[in-house]
file my_file.pdb (PDB, C-alpha atoms)
ATOM      1  CA  ILE A 838     -86.903  95.660 123.972  1.00  0.00           C
ATOM      2  CA  LEU A 839     -89.740  93.507 125.328  1.00  0.00           C
ATOM      3  CA  GLY A 840     -87.721  90.663 126.856  1.00  0.00           C
ATOM      4  CA  PRO A 841     -85.144  88.111 125.718  1.00  0.00           C
ATOM      5  CA  GLN A 842     -87.146  87.120 122.634  1.00  0.00           C
ATOM      6  CA  ARG A 843     -88.351  90.718 122.042  1.00  0.00           C
ATOM      7  CA  SER A 844     -91.881  89.348 122.100  1.00  0.00           C
ATOM      8  CA  GLY A 845     -93.367  91.038 125.160  1.00  0.00           C
ATOM      9  CA  GLN A 846     -93.761  87.644 126.809  1.00  0.00           C
ATOM     10  CA  ALA A 847     -92.060  86.649 130.069  1.00  0.00           C
ATOM     11  CA  GLU A 848     -90.304  83.290 130.256  1.00  0.00           C
ATOM     12  CA  ASN A 849     -90.675  80.883 133.193  1.00  0.00           C
ATOM     13  CA  GLU A 850     -92.312  83.539 135.363  1.00  0.00           C
ATOM     14  CA  THR A 851     -95.243  83.005 137.728  1.00  0.00           C
ATOM     15  CA  LEU A 852     -97.033  85.964 139.295  1.00  0.00           C
ATOM     16  CA  PRO A 853     -99.121  85.710 142.463  1.00  0.00           C
ATOM     17  CA  ASP A 854    -102.905  86.034 142.227  1.00  0.00           C
ATOM     18  CA  ARG A 855    -102.770  89.223 144.308  1.00  0.00           C
ATOM     19  CA  TRP A 856    -100.172  91.570 145.766  1.00  0.00           C
ATOM     20  CA  PRO A 857     -99.731  91.955 149.538  1.00  0.00           C
ATOM     21  CA  LYS A 858    -101.822  94.743 151.073  1.00  0.00           C
ATOM     22  CA  ASP A 859     -98.874  97.146 151.137  1.00  0.00           C
ATOM     23  CA  GLY A 860     -97.519  96.050 147.772  1.00  0.00           C
ATOM     24  CA  PRO A 861     -94.558  93.801 146.919  1.00  0.00           C
ATOM     25  CA  ARG A 862     -91.666  93.969 149.387  1.00  0.00           C
ATOM     26  CA  VAL A 863     -88.730  96.079 148.133  1.00  0.00           C
ATOM     27  CA  GLU A 864     -85.625  93.872 148.159  1.00  0.00           C
ATOM     28  CA  TRP A 865     -83.140  96.584 147.197  1.00  0.00           C
ATOM     29  CA  THR A 866     -82.746  99.835 145.301  1.00  0.00           C
ATOM     30  CA  HIS A 867     -79.921 101.276 143.207  1.00  0.00           C
ATOM     31  CA  LYS A 868     -79.745 104.920 142.173  1.00  0.00           C
ATOM     32  CA  VAL A 869     -79.071 105.618 138.485  1.00  0.00           C
ATOM     33  CA  GLY A 870     -78.445 108.760 136.465  1.00  0.00           C
ATOM     34  CA  SER A 871     -80.193 110.082 133.357  1.00  0.00           C
ATOM     35  CA  GLY A 872     -81.491 108.074 130.408  1.00  0.00           C
ATOM     36  CA  TYR A 873     -84.292 105.720 129.424  1.00  0.00           C
ATOM     37  CA  ALA A 874     -82.397 102.436 128.948  1.00  0.00           C
ATOM     38  CA  GLY A 875     -84.187  99.536 130.620  1.00  0.00           C
ATOM     39  CA  PRO A 876     -82.225  96.859 132.528  1.00  0.00           C
ATOM     40  CA  ALA A 877     -81.105  93.557 131.021  1.00  0.00           C
ATOM     41  CA  VAL A 878     -80.772  90.383 133.093  1.00  0.00           C
ATOM     42  CA  LYS A 879     -78.732  87.222 132.654  1.00  0.00           C
ATOM     43  CA  GLY A 880     -78.378  84.686 135.433  1.00  0.00           C
ATOM     44  CA  GLN A 881     -77.620  86.586 138.623  1.00  0.00           C
ATOM     45  CA  ARG A 882     -76.490  89.776 136.884  1.00  0.00           C
ATOM     46  CA  VAL A 883     -78.586  92.861 136.199  1.00  0.00           C
ATOM     47  CA  LEU A 884     -77.092  95.263 133.635  1.00  0.00           C
ATOM     48  CA  VAL A 885     -78.016  98.950 133.877  1.00  0.00           C
ATOM     49  CA  PHE A 886     -76.906 101.651 131.435  1.00  0.00           C
ATOM     50  CA  HIS A 887     -77.197 105.307 132.431  1.00  0.00           C
ATOM     51  CA  ARG A 888     -75.408 108.649 132.380  1.00  0.00           C
ATOM     52  CA  LEU A 889     -73.555 110.370 135.204  1.00  0.00           C
ATOM     53  CA  GLY A 890     -72.010 113.736 134.309  1.00  0.00           C
ATOM     54  CA  ASP A 891     -69.894 113.379 131.170  1.00  0.00           C
ATOM     55  CA  LYS A 892     -69.878 109.565 131.247  1.00  0.00           C
ATOM     56  CA  GLU A 893     -72.285 106.856 130.131  1.00  0.00           C
ATOM     57  CA  ARG A 894     -71.977 104.014 132.632  1.00  0.00           C
ATOM     58  CA  LEU A 895     -72.644 100.319 132.112  1.00  0.00           C
ATOM     59  CA  GLU A 896     -72.913  98.614 135.474  1.00  0.00           C
ATOM     60  CA  ALA A 897     -73.478  95.024 136.587  1.00  0.00           C
ATOM     61  CA  LEU A 898     -75.454  94.484 139.785  1.00  0.00           C
ATOM     62  CA  ALA A 899     -76.027  91.314 141.786  1.00  0.00           C
ATOM     63  CA  ALA A 900     -79.655  90.328 141.175  1.00  0.00           C
ATOM     64  CA  GLY A 901     -80.206  89.199 144.756  1.00  0.00           C
ATOM     65  CA  THR A 902     -78.686  92.153 146.614  1.00  0.00           C
ATOM     66  CA  GLY A 903     -78.185  95.051 144.199  1.00  0.00           C
ATOM     67  CA  LYS A 904     -74.466  95.106 145.006  1.00  0.00           C
ATOM     68  CA  SER A 905     -72.347  96.626 142.233  1.00  0.00           C
ATOM     69  CA  LEU A 906     -70.137  93.915 140.700  1.00  0.00           C
ATOM     70  CA  TRP A 907     -68.367  96.116 138.147  1.00  0.00           C
ATOM     71  CA  LYS A 908     -68.813  99.362 136.260  1.00  0.00           C
ATOM     72  CA  THR A 909     -67.403 100.603 132.956  1.00  0.00           C
ATOM     73  CA  ASP A 910     -67.575 104.244 131.862  1.00  0.00           C
ATOM     74  CA  PHE A 911     -67.587 105.692 128.343  1.00  0.00           C
ATOM     75  CA  ASP A 912     -67.247 109.332 127.271  1.00  0.00           C
ATOM     76  CA  ALA A 913     -70.667 110.908 126.722  1.00  0.00           C
ATOM     77  CA  THR A 914     -71.137 113.771 124.267  1.00  0.00           C
ATOM     78  CA  TYR A 915     -74.875 113.764 123.500  1.00  0.00           C
ATOM     79  CA  ARG A 916     -76.825 116.908 124.356  1.00  0.00           C
ATOM     80  CA  GLY A 917     -80.609 116.722 124.563  1.00  0.00           C
ATOM     81  CA  THR A 918     -82.592 119.128 122.364  1.00  0.00           C
ATOM     82  CA  ILE A 919     -86.346 118.482 122.149  1.00  0.00           C
ATOM     83  CA  ASN A 920     -86.088 116.357 125.293  1.00  0.00           C
ATOM     84  CA  PRO A 921     -83.410 117.654 127.701  1.00  0.00           C
ATOM     85  CA  ASP A 922     -82.607 114.170 129.039  1.00  0.00           C
ATOM     86  CA  ASP A 923     -79.025 113.404 127.917  1.00  0.00           C
ATOM     87  CA  GLY A 924     -78.737 109.756 128.916  1.00  0.00           C
ATOM     88  CA  PRO A 925     -78.752 106.567 126.827  1.00  0.00           C
ATOM     89  CA  ARG A 926     -82.002 105.209 125.405  1.00  0.00           C
ATOM     90  CA  CYS A 927     -81.014 101.679 124.345  1.00  0.00           C
ATOM     91  CA  VAL A 928     -81.260  98.563 126.502  1.00  0.00           C
ATOM     92  CA  PRO A 929     -77.953  96.679 126.954  1.00  0.00           C
ATOM     93  CA  LEU A 930     -77.664  93.663 124.645  1.00  0.00           C
ATOM     94  CA  ILE A 931     -76.309  90.462 126.223  1.00  0.00           C
ATOM     95  CA  HIS A 932     -75.007  87.878 123.773  1.00  0.00           C
ATOM     96  CA  GLY A 933     -72.980  84.935 125.056  1.00  0.00           C
ATOM     97  CA  ASP A 934     -70.191  86.315 127.257  1.00  0.00           C
ATOM     98  CA  ALA A 935     -70.443  89.848 125.842  1.00  0.00           C
ATOM     99  CA  VAL A 936     -72.548  92.929 126.511  1.00  0.00           C
ATOM    100  CA  MET A 937     -73.120  95.607 123.849  1.00  0.00           C
ATOM    101  CA  VAL A 938     -74.407  99.088 124.579  1.00  0.00           C
ATOM    102  CA  TYR A 939     -75.401 101.812 122.123  1.00  0.00           C
ATOM    103  CA  GLY A 940     -75.143 105.296 123.585  1.00  0.00           C
ATOM    104  CA  ALA A 941     -77.304 108.332 122.895  1.00  0.00           C
ATOM    105  CA  ALA A 942     -74.658 109.814 120.558  1.00  0.00           C
ATOM    106  CA  GLY A 943     -74.508 106.611 118.490  1.00  0.00           C
ATOM    107  CA  ASP A 944     -71.392 105.089 120.062  1.00  0.00           C
ATOM    108  CA  LEU A 945     -71.316 101.285 120.148  1.00  0.00           C
ATOM    109  CA  HIS A 946     -69.325  99.499 122.867  1.00  0.00           C
ATOM    110  CA  CYS A 947     -68.670  95.845 123.666  1.00  0.00           C
ATOM    111  CA  VAL A 948     -67.502  94.636 127.089  1.00  0.00           C
ATOM    112  CA  ASP A 949     -66.928  91.338 128.849  1.00  0.00           C
ATOM    113  CA  LEU A 950     -70.002  90.185 130.787  1.00  0.00           C
ATOM    114  CA  ALA A 951     -68.024  88.676 133.667  1.00  0.00           C
ATOM    115  CA  SER A 952     -65.604  91.543 134.309  1.00  0.00           C
ATOM    116  CA  GLY A 953     -66.793  94.634 132.435  1.00  0.00           C
ATOM    117  CA  ARG A 954     -63.477  94.824 130.569  1.00  0.00           C
ATOM    118  CA  ARG A 955     -63.849  96.821 127.385  1.00  0.00           C
ATOM    119  CA  ARG A 956     -63.302  94.760 124.217  1.00  0.00           C
ATOM    120  CA  TRP A 957     -63.910  97.387 121.533  1.00  0.00           C
ATOM    121  CA  SER A 958     -65.737 100.602 120.718  1.00  0.00           C
ATOM    122  CA  ARG A 959     -67.051 102.188 117.513  1.00  0.00           C
ATOM    123  CA  ALA A 960     -68.236 105.754 116.972  1.00  0.00           C
ATOM    124  CA  ALA A 961     -70.898 104.388 114.613  1.00  0.00           C
ATOM    125  CA  ALA A 962     -72.969 107.535 114.095  1.00  0.00           C
ATOM    126  CA  GLU A 963     -69.859 109.659 113.574  1.00  0.00           C
ATOM    127  CA  ASP A 964     -68.196 107.143 111.255  1.00  0.00           C
ATOM    128  CA  TYR A 965     -71.262 106.985 109.031  1.00  0.00           C
ATOM    129  CA  LYS A 966     -72.399 110.618 109.379  1.00  0.00           C
ATOM    130  CA  ALA A 967     -75.762 109.764 110.925  1.00  0.00           C
ATOM    131  CA  PRO A 968     -77.941 112.710 112.039  1.00  0.00           C
ATOM    132  CA  ASP A 969     -78.793 113.035 115.725  1.00  0.00           C
ATOM    133  CA  GLY A 970     -82.486 112.367 115.211  1.00  0.00           C
ATOM    134  CA  TYR A 971     -85.105 113.912 117.467  1.00  0.00           C
ATOM    135  CA  PHE A 972     -83.930 112.296 120.699  1.00  0.00           C
ATOM    136  CA  GLY A 973     -80.509 110.765 120.007  1.00  0.00           C
ATOM    137  CA  ALA A 974     -79.835 107.126 119.102  1.00  0.00           C
ATOM    138  CA  GLY A 975     -82.655 104.908 120.321  1.00  0.00           C
ATOM    139  CA  SER A 976     -82.744 101.627 118.375  1.00  0.00           C
ATOM    140  CA  SER A 977     -81.232  98.819 120.464  1.00  0.00           C
ATOM    141  CA  PRO A 978     -78.797  96.583 118.519  1.00  0.00           C
ATOM    142  CA  ILE A 979     -79.426  92.900 117.845  1.00  0.00           C
ATOM    143  CA  ALA A 980     -76.871  90.070 117.624  1.00  0.00           C
ATOM    144  CA  VAL A 981     -77.009  87.242 115.102  1.00  0.00           C
ATOM    145  CA  GLY A 982     -74.112  84.815 115.217  1.00  0.00           C
ATOM    146  CA  ASN A 983     -70.936  86.902 115.157  1.00  0.00           C
ATOM    147  CA  ALA A 984     -72.630  90.059 113.898  1.00  0.00           C
ATOM    148  CA  VAL A 985     -74.136  92.983 115.792  1.00  0.00           C
ATOM    149  CA  LEU A 986     -76.735  94.754 113.628  1.00  0.00           C
ATOM    150  CA  VAL A 987     -77.571  98.414 114.215  1.00  0.00           C
ATOM    151  CA  ASN A 988     -79.991 100.822 112.540  1.00  0.00           C
ATOM    152  CA  VAL A 989     -77.307 103.543 112.426  1.00  0.00           C
ATOM    153  CA  GLY A 990     -79.149 105.678 109.887  1.00  0.00           C
ATOM    154  CA  GLY A 991     -75.954 106.837 108.207  1.00  0.00           C
ATOM    155  CA  ASP A 992     -75.108 108.196 104.775  1.00  0.00           C
ATOM    156  CA  ASP A 993     -73.818 106.362 101.704  1.00  0.00           C
ATOM    157  CA  GLY A 994     -75.600 103.049 102.183  1.00  0.00           C
ATOM    158  CA  ALA A 995     -75.073 102.826 105.953  1.00  0.00           C
ATOM    159  CA  GLY A 996     -78.686 102.814 107.075  1.00  0.00           C
ATOM    160  CA  ILE A 997     -78.169  99.413 108.687  1.00  0.00           C
ATOM    161  CA  VAL A 998     -74.651  98.292 109.641  1.00  0.00           C
ATOM    162  CA  ALA A 999     -73.333  94.929 110.855  1.00  0.00           C
ATOM    163  CA  PHE A1000     -70.313  94.997 113.162  1.00  0.00           C
ATOM    164  CA  SER A1001     -68.138  92.040 114.126  1.00  0.00           C
ATOM    165  CA  LEU A1002     -68.795  90.827 117.646  1.00  0.00           C
ATOM    166  CA  THR A1003     -65.115  89.879 117.877  1.00  0.00           C
ATOM    167  CA  ASP A1004     -63.434  93.204 117.105  1.00  0.00           C
ATOM    168  CA  GLY A1005     -66.089  95.724 116.082  1.00  0.00           C
ATOM    169  CA  LYS A1006     -65.013  95.924 112.442  1.00  0.00           C
ATOM    170  CA  THR A1007     -67.709  96.569 109.842  1.00  0.00           C
ATOM    171  CA  LEU A1008     -68.942  93.366 108.185  1.00  0.00           C
ATOM    172  CA  TRP A1009     -71.443  95.001 105.847  1.00  0.00           C
ATOM    173  CA  LYS A1010     -73.631  98.075 105.465  1.00  0.00           C
ATOM    174  CA  ALA A1011     -76.887  98.375 103.562  1.00  0.00           C
ATOM    175  CA  GLY A1012     -79.613 100.812 102.578  1.00  0.00           C
ATOM    176  CA  ASP A1013     -80.212 104.495 103.149  1.00  0.00           C
ATOM    177  CA  GLU A1014     -82.706 104.032 105.959  1.00  0.00           C
ATOM    178  CA  LEU A1015     -82.778 106.714 108.633  1.00  0.00           C
ATOM    179  CA  ALA A1016     -82.724 105.504 112.233  1.00  0.00           C
ATOM    180  CA  SER A1017     -85.880 104.997 114.279  1.00  0.00           C
ATOM    181  CA  TYR A1018     -86.756 104.329 117.922  1.00  0.00           C
ATOM    182  CA  SER A1019     -87.854 100.771 117.192  1.00  0.00           C
ATOM    183  CA  SER A1020     -85.586  97.827 118.013  1.00  0.00           C
ATOM    184  CA  PRO A1021     -85.200  95.009 115.444  1.00  0.00           C
ATOM    185  CA  VAL A1022     -86.342  91.415 115.982  1.00  0.00           C
ATOM    186  CA  LEU A1023     -84.943  88.101 114.767  1.00  0.00           C
ATOM    187  CA  THR A1024     -87.275  85.634 113.085  1.00  0.00           C
ATOM    188  CA  SER A1025     -87.199  82.730 110.626  1.00  0.00           C
ATOM    189  CA  ILE A1026     -88.756  82.874 107.145  1.00  0.00           C
ATOM    190  CA  ASP A1027     -88.749  79.741 104.998  1.00  0.00           C
ATOM    191  CA  GLY A1028     -86.247  78.248 107.422  1.00  0.00           C
ATOM    192  CA  GLN A1029     -83.778  81.122 107.032  1.00  0.00           C
ATOM    193  CA  PRO A1030     -82.816  83.628 109.754  1.00  0.00           C
ATOM    194  CA  ARG A1031     -84.119  87.108 109.032  1.00  0.00           C
ATOM    195  CA  VAL A1032     -84.059  90.373 110.982  1.00  0.00           C
ATOM    196  CA  VAL A1033     -87.000  92.760 110.814  1.00  0.00           C
ATOM    197  CA  PHE A1034     -86.282  96.472 111.222  1.00  0.00           C
ATOM    198  CA  VAL A1035     -88.816  99.271 111.455  1.00  0.00           C
ATOM    199  CA  THR A1036     -86.693 102.213 110.340  1.00  0.00           C
ATOM    200  CA  ARG A1037     -87.767 105.845 110.126  1.00  0.00           C
ATOM    201  CA  TYR A1038     -89.954 105.321 107.057  1.00  0.00           C
ATOM    202  CA  ASN A1039     -90.016 101.592 106.216  1.00  0.00           C
ATOM    203  CA  ALA A1040     -90.417  98.103 107.631  1.00  0.00           C
ATOM    204  CA  ILE A1041     -87.615  95.950 106.209  1.00  0.00           C
ATOM    205  CA  VAL A1042     -86.721  92.256 106.278  1.00  0.00           C
ATOM    206  CA  VAL A1043     -82.933  91.770 106.145  1.00  0.00           C
ATOM    207  CA  ASN A1044     -80.691  88.769 105.550  1.00  0.00           C
ATOM    208  CA  PRO A1045     -78.255  89.091 108.508  1.00  0.00           C
ATOM    209  CA  ALA A1046     -75.493  87.251 106.645  1.00  0.00           C
ATOM    210  CA  ASN A1047     -75.010  89.910 103.968  1.00  0.00           C
ATOM    211  CA  GLY A1048     -77.408  92.809 104.569  1.00  0.00           C
ATOM    212  CA  LYS A1049     -79.578  92.071 101.548  1.00  0.00           C
ATOM    213  CA  PHE A1050     -83.087  93.473 101.838  1.00  0.00           C
ATOM    214  CA  VAL A1051     -85.475  90.552 101.353  1.00  0.00           C
ATOM    215  CA  ALA A1052     -88.639  92.639 101.574  1.00  0.00           C
ATOM    216  CA  SER A1053     -89.793  96.101 102.535  1.00  0.00           C
ATOM    217  CA  THR A1054     -92.966  98.145 102.890  1.00  0.00           C
ATOM    218  CA  PRO A1055     -93.510 101.847 103.667  1.00  0.00           C
ATOM    219  CA  PHE A1056     -94.120 102.581 107.338  1.00  0.00           C
ATOM    220  CA  GLY A1057     -94.416 106.007 108.988  1.00  0.00           C
ATOM    221  CA  LYS A1058     -94.915 109.475 107.561  1.00  0.00           C
ATOM    222  CA  ARG A1059     -92.766 112.525 106.951  1.00  0.00           C
TER     223      ARG A1059
END
call {"tool": "encode", "arguments": {"input": "my_file.pdb", "output": "structure tokens"}}
result
Amino acid sequence: ILGPQRSGQAENETLPDRWPKDGPRVEWTHKVGSGYAGPAVKGQRVLVFHRLGDKERLEALAAGTGKSLWKTDFDATYRGTINPDDGPRCVPLIHGDAVMVYGAAGDLHCVDLASGRRRWSRAAAEDYKAPDGYFGAGSSPIAVGNAVLVNVGGDDGAGIVAFSLTDGKTLWKAGDELASYSSPVLTSIDGQPRVVFVTRYNAIVVNPANGKFVASTPFGKR
């Protein structure tokens, strides 16, 4: 998702002018299972999300040593079709003291950042009858205040759904937009917070407070 501001720009990072002759020294390694979810970092914790067997695993590692601090497993049901990889695609979302993950089958989970204790789970794609898409769910959620916004791509006005960060209950749902593999970004327009989604066929500006579409333009082809 291109970094903490989803901008593709690193923050407070300085790279050397050249690498050592044999490349950068490897500090540690940690084996992971299937999936394409990139790591997320906060402080001295590295969050990795991957699949092992019939479980999707969210795991916290110590940034300095790679030691596993905690791990939380969720049932995994997604089966790859066009691409046989069956692991999660979405980067973990860290917001305050919580971590949200969105699995390949469209299951949304929230856990405690410090301990990995599960707070709540929602079968978002199942609840809103969202199709599998070509490669499973692949749009990373975004948090705004107490809401977690997801391009679920469901039926009956559940293209984009906001879930409560506190308990996972639905706050609002809006539009009939199918899901994409683009992750939304938060911006400010005329001093008001707005979230920009590139869905399957449109680019949409959304008011995160109520789900109202502020603007949209066609994007993508059938």
call {"tool": "resolve_selection", "arguments": {"input": "my_file.pdb", "expression": "the PyMOL selection byres ((chain A and resi 988) around 6)", "output": "PDB file with C-alpha atoms, in the frame of the given file"}}
result
ATOM      1  CA  VAL A 987     -77.571  98.414 114.215  1.00  0.00           C
ATOM      2  CA  VAL A 989     -77.307 103.543 112.426  1.00  0.00           C
ATOM      3  CA  GLY A 990     -79.149 105.678 109.887  1.00  0.00           C
ATOM      4  CA  GLY A 996     -78.686 102.814 107.075  1.00  0.00           C
ATOM      5  CA  ILE A 997     -78.169  99.413 108.687  1.00  0.00           C
ATOM      6  CA  ALA A1016     -82.724 105.504 112.233  1.00  0.00           C
TER       7      ALA A1016
END
call {"tool": "atom_distance", "arguments": {"input": "my_file.pdb", "atom1": "atom CA of Val1022 of chain A", "atom2": "atom CA of Phe1034 of chain A"}}
result
6.9 Å
call {"tool": "resolve_selection", "arguments": {"input": "my_file.pdb", "expression": "the PyMOL selection byres ((chain A and resi 876) around 9)", "output": "CSV table (one decimal) with C-alpha atoms, in the frame of the given file"}}
result
chain,number,residue,atom,x,y,z
A,874,ALA,CA,-82.4,102.4,128.9
A,875,GLY,CA,-84.2,99.5,130.6
A,877,ALA,CA,-81.1,93.6,131.0
A,878,VAL,CA,-80.8,90.4,133.1
A,883,VAL,CA,-78.6,92.9,136.2
A,884,LEU,CA,-77.1,95.3,133.6
A,885,VAL,CA,-78.0,99.0,133.9
A,886,PHE,CA,-76.9,101.7,131.4
A,928,VAL,CA,-81.3,98.6,126.5
A,929,PRO,CA,-78.0,96.7,127.0
call {"tool": "atom_distance", "arguments": {"input": "my_file.pdb", "atom1": "atom CA of Tyr915 of chain A", "atom2": "atom CA of His887 of chain A"}}
result
12.5 Å
call {"tool": "residues_near_point", "arguments": {"input": "my_file.pdb", "point": "(-74.0, 105.2, 109.4)", "cutoff": "8 Å", "atoms": "all atoms listed in the file", "output": "list in words"}}
result
Ala961, Ala962, Glu963, Asp964, Tyr965, Lys966, Ala967, Val989, Gly990, Gly991, Asp992, Asp993, Gly994, Ala995, Gly996, Ile997 and Val998 of chain A
call {"tool": "atom_distance", "arguments": {"input": "my_file.pdb", "atom1": "atom CA of Asp923 of chain A", "atom2": "atom CA of Ser977 of chain A"}}
result
16.5 Å
call {"tool": "residues_around", "arguments": {"input": "my_file.pdb", "residues": "Ala913 of chain A", "least_positions_apart": "4", "cutoff": "12 Å", "atoms": "all atoms listed in the file", "output": "list in words"}}
result
Ser871, Gly872, His887, Arg888, Leu889, Gly890, Asp891, Lys892, Glu893, Arg894, Gly917, Asp923, Gly924, Pro925, Tyr939, Gly940, Ala941, Ala942, Gly943, Asp944, Leu945, Ala960 and Gly973 of chain A
call {"tool": "write_last_selection", "arguments": {"input": "my_file.pdb", "atoms": "C-alpha atoms", "output": "PDB file, in the coordinates of the input"}}
result
ATOM      1  CA  SER A 871     -80.193 110.082 133.357  1.00  0.00           C
ATOM      2  CA  GLY A 872     -81.491 108.074 130.408  1.00  0.00           C
ATOM      3  CA  HIS A 887     -77.197 105.307 132.431  1.00  0.00           C
ATOM      4  CA  ARG A 888     -75.408 108.649 132.380  1.00  0.00           C
ATOM      5  CA  LEU A 889     -73.555 110.370 135.204  1.00  0.00           C
ATOM      6  CA  GLY A 890     -72.010 113.736 134.309  1.00  0.00           C
ATOM      7  CA  ASP A 891     -69.894 113.379 131.170  1.00  0.00           C
ATOM      8  CA  LYS A 892     -69.878 109.565 131.247  1.00  0.00           C
ATOM      9  CA  GLU A 893     -72.285 106.856 130.131  1.00  0.00           C
ATOM     10  CA  ARG A 894     -71.977 104.014 132.632  1.00  0.00           C
ATOM     11  CA  GLY A 917     -80.609 116.722 124.563  1.00  0.00           C
ATOM     12  CA  ASP A 923     -79.025 113.404 127.917  1.00  0.00           C
ATOM     13  CA  GLY A 924     -78.737 109.756 128.916  1.00  0.00           C
ATOM     14  CA  PRO A 925     -78.752 106.567 126.827  1.00  0.00           C
ATOM     15  CA  TYR A 939     -75.401 101.812 122.123  1.00  0.00           C
ATOM     16  CA  GLY A 940     -75.143 105.296 123.585  1.00  0.00           C
ATOM     17  CA  ALA A 941     -77.304 108.332 122.895  1.00  0.00           C
ATOM     18  CA  ALA A 942     -74.658 109.814 120.558  1.00  0.00           C
ATOM     19  CA  GLY A 943     -74.508 106.611 118.490  1.00  0.00           C
ATOM     20  CA  ASP A 944     -71.392 105.089 120.062  1.00  0.00           C
ATOM     21  CA  LEU A 945     -71.316 101.285 120.148  1.00  0.00           C
ATOM     22  CA  ALA A 960     -68.236 105.754 116.972  1.00  0.00           C
ATOM     23  CA  GLY A 973     -80.509 110.765 120.007  1.00  0.00           C
TER      24      GLY A 973
END
call {"tool": "residues_around", "arguments": {"input": "my_file.pdb", "residues": "segment 1045-1059 of chain A", "least_positions_apart": "4", "cutoff": "7 Å", "atoms": "only C-alpha atoms", "output": "list of chain:residue names"}}
result
A:Val981, A:Trp1009, A:Lys1010, A:Ala1011, A:Arg1031, A:Val1032, A:Arg1037, A:Tyr1038, A:Asn1039, A:Ala1040, A:Ile1041
call {"tool": "resolve_selection", "arguments": {"input": "my_file.pdb", "expression": "the PyMOL selection byres ((chain A and resi 972) around 8)", "output": "list in words"}}
result
Gly917, Thr918, Ile919, Asn920, Asp969, Gly970, Tyr971, Gly973, Ala974 and Gly975 of chain A
call {"tool": "write_last_selection", "arguments": {"input": "my_file.pdb", "atoms": "C-alpha atoms", "output": "JSON list (two decimals), keeping the file's coordinate frame"}}
result
[["chain", "number", "residue", "atom", "x", "y", "z"],
["A", 917, "GLY", "CA", -80.61, 116.72, 124.56],
["A", 918, "THR", "CA", -82.59, 119.13, 122.36],
["A", 919, "ILE", "CA", -86.35, 118.48, 122.15],
["A", 920, "ASN", "CA", -86.09, 116.36, 125.29],
["A", 969, "ASP", "CA", -78.79, 113.04, 115.72],
["A", 970, "GLY", "CA", -82.49, 112.37, 115.21],
["A", 971, "TYR", "CA", -85.10, 113.91, 117.47],
["A", 973, "GLY", "CA", -80.51, 110.76, 120.01],
["A", 974, "ALA", "CA", -79.83, 107.13, 119.10],
["A", 975, "GLY", "CA", -82.66, 104.91, 120.32]]
call {"tool": "residues_around", "arguments": {"input": "my_file.pdb", "residues": "Leu1002 of chain A", "least_positions_apart": "5", "cutoff": "8 Å", "atoms": "all atoms listed in the file", "output": "ChimeraX atom specification"}}
result
/A:947,983-985
call {"tool": "closest_residue", "arguments": {"input": "my_file.pdb", "among": "A:Gly953, A:Gly933, A:Pro1030, A:Pro1021", "to": "Ser905 of chain A", "atoms": "all atoms listed in the file"}}
result
A:Gly953
call {"tool": "residues_near_point", "arguments": {"input": "my_file.pdb", "point": "(-82.6, 99.0, 139.8)", "cutoff": "9 Å", "atoms": "only C-alpha atoms", "output": "PyMOL selection string"}}
result
chain A and resi 865-869+876+883+885+898+903
call {"tool": "closest_residue", "arguments": {"input": "my_file.pdb", "among": "A:Ile979, A:Arg916, A:Thr1007, A:Lys908", "to": "Asp949 of chain A", "atoms": "all atoms listed in the file"}}
result
A:Lys908
call {"tool": "residues_around", "arguments": {"input": "my_file.pdb", "residues": "Glu864 of chain A", "least_positions_apart": "4", "cutoff": "12 Å", "atoms": "all atoms listed in the file", "output": "list in words"}}
result
Ala899, Ala900, Gly901, Thr902, Gly903 and Lys904 of chain A
